[in-house]
Amino acid sequence: MYNSKITLRKVRDFGTNVSVSIDFIKENFSSFIKSLAFIAGPFILISSILSGIFMSEFMGMIMNQSAYAGGGTDPFSTIFSDKFSTYMLNGVLIQFIGLIAVIAVTYRYLLLYPEHGNNISFELVWKNVKKDFIPVALGQILSILIIGTCLLVLFGLVAAIGFFNGGWFIGMMAFFAFIYLIIPCSLIFIIQLAEKVNPLIAIQRAFSLIRGNWLSTFGILMVSSIIMYLINIIFYIPMYIVNFVTTINTLDPTSTVNSEYMQLMTLTTTVLGSVGLFFALPVFYLSLGFQYFSIVEKKEHIGLIERIELIGTKEDDYYL
């Protein structure tokens, strides 16, 4: 067994769980990013290109909206009937597959780490991810169904009762219930893979583990989401600049900026921004993975028992 520098089964506070996730990526950066690039990368890239095409068409439509002012076909109806169905829906489906791949690679790499350390090969990750993909996809669908049902109840209650007739209070209660459910749902994937259980058992296990640990898990979700947003926004800065220039160009009748050029720039920067998720998401999921191990260790002391059994052996442990 590899003497790993980072111990998974260790009680940590939510701040340490986030920082150790970053340390984990630093230690395993080369092989981890390679696995993500080859397994999840193609799906992320294709979905990014489809989203970029839609955005470039949309920005081109805005820049040429004068054609509609002269009595032409409504460009909004054209782009949302043809381009939306062609690019966006396909992009969302492929992005969903890419997200599943990111989750599967991230957690499988984390679970292989105690035995192999930073010597995990792409072939080993791929061998396991092929088996993990469908269970993680089913877990994601179950999470979407749970959260989607809560949202339907939330809006349904407010609509049925009326916002000013007390519906706001019931809606607020439903909203807090929705927030509460997000926390156990966030642990479903790591539980599935670490404990080799189906999504239904995993969600039951998540609710059991979350008792007494809801606030710390919520804190991890908030902090890791902020970090993920900050990483992602760096990649979106070029897109914001291009959109700003496009808007100024549209408002300035004397501007000579070529619309095809602006569309190409919009496509390029949108793809770059979407690919930013590729680098941001692992921090989010790794933080939740370390939180899972921290909760299990606090409640069940599995790591402590393992270390007691190693007393007197030649195995060494290193902790962060």
# chains A, B, ... in the order shown; residues from 1 in each chain; ligands from 1
$ residues_around --residues "region 137-149 of chain A" --least-positions-apart "2" --cutoff "12 Å" --atoms "only C-alpha atoms" --output "count of residues only"
50
$ residues_around --residues "Val11 (chain A)" --least-positions-apart "6" --cutoff "10 Å" --atoms "only C-alpha atoms" --output "list of chain:residue names"
A:Asn17, A:Phe290, A:Gln291, A:Tyr292, A:Phe293, A:Ser294, A:Ile295, A:Val296, A:Glu297, A:Lys298, A:Lys299, A:His301, A:Gly303
$ residues_around --residues "Ser225 (chain A)" --least-positions-apart "4" --cutoff "7 Å" --atoms "only C-alpha atoms" --output "ChimeraX atom specification"
/A:221,229,284
$ closest_residue --among "A:Leu267, A:Leu8, A:Ile241, A:Leu45" --to "Gly117 (chain A)" --atoms "only C-alpha atoms"
A:Leu8
$ closest_residue --among "A:Leu264, A:Ala37, A:Leu230, A:Ile220" --to "Ser21 (chain A)" --atoms "only C-alpha atoms"
A:Ile220
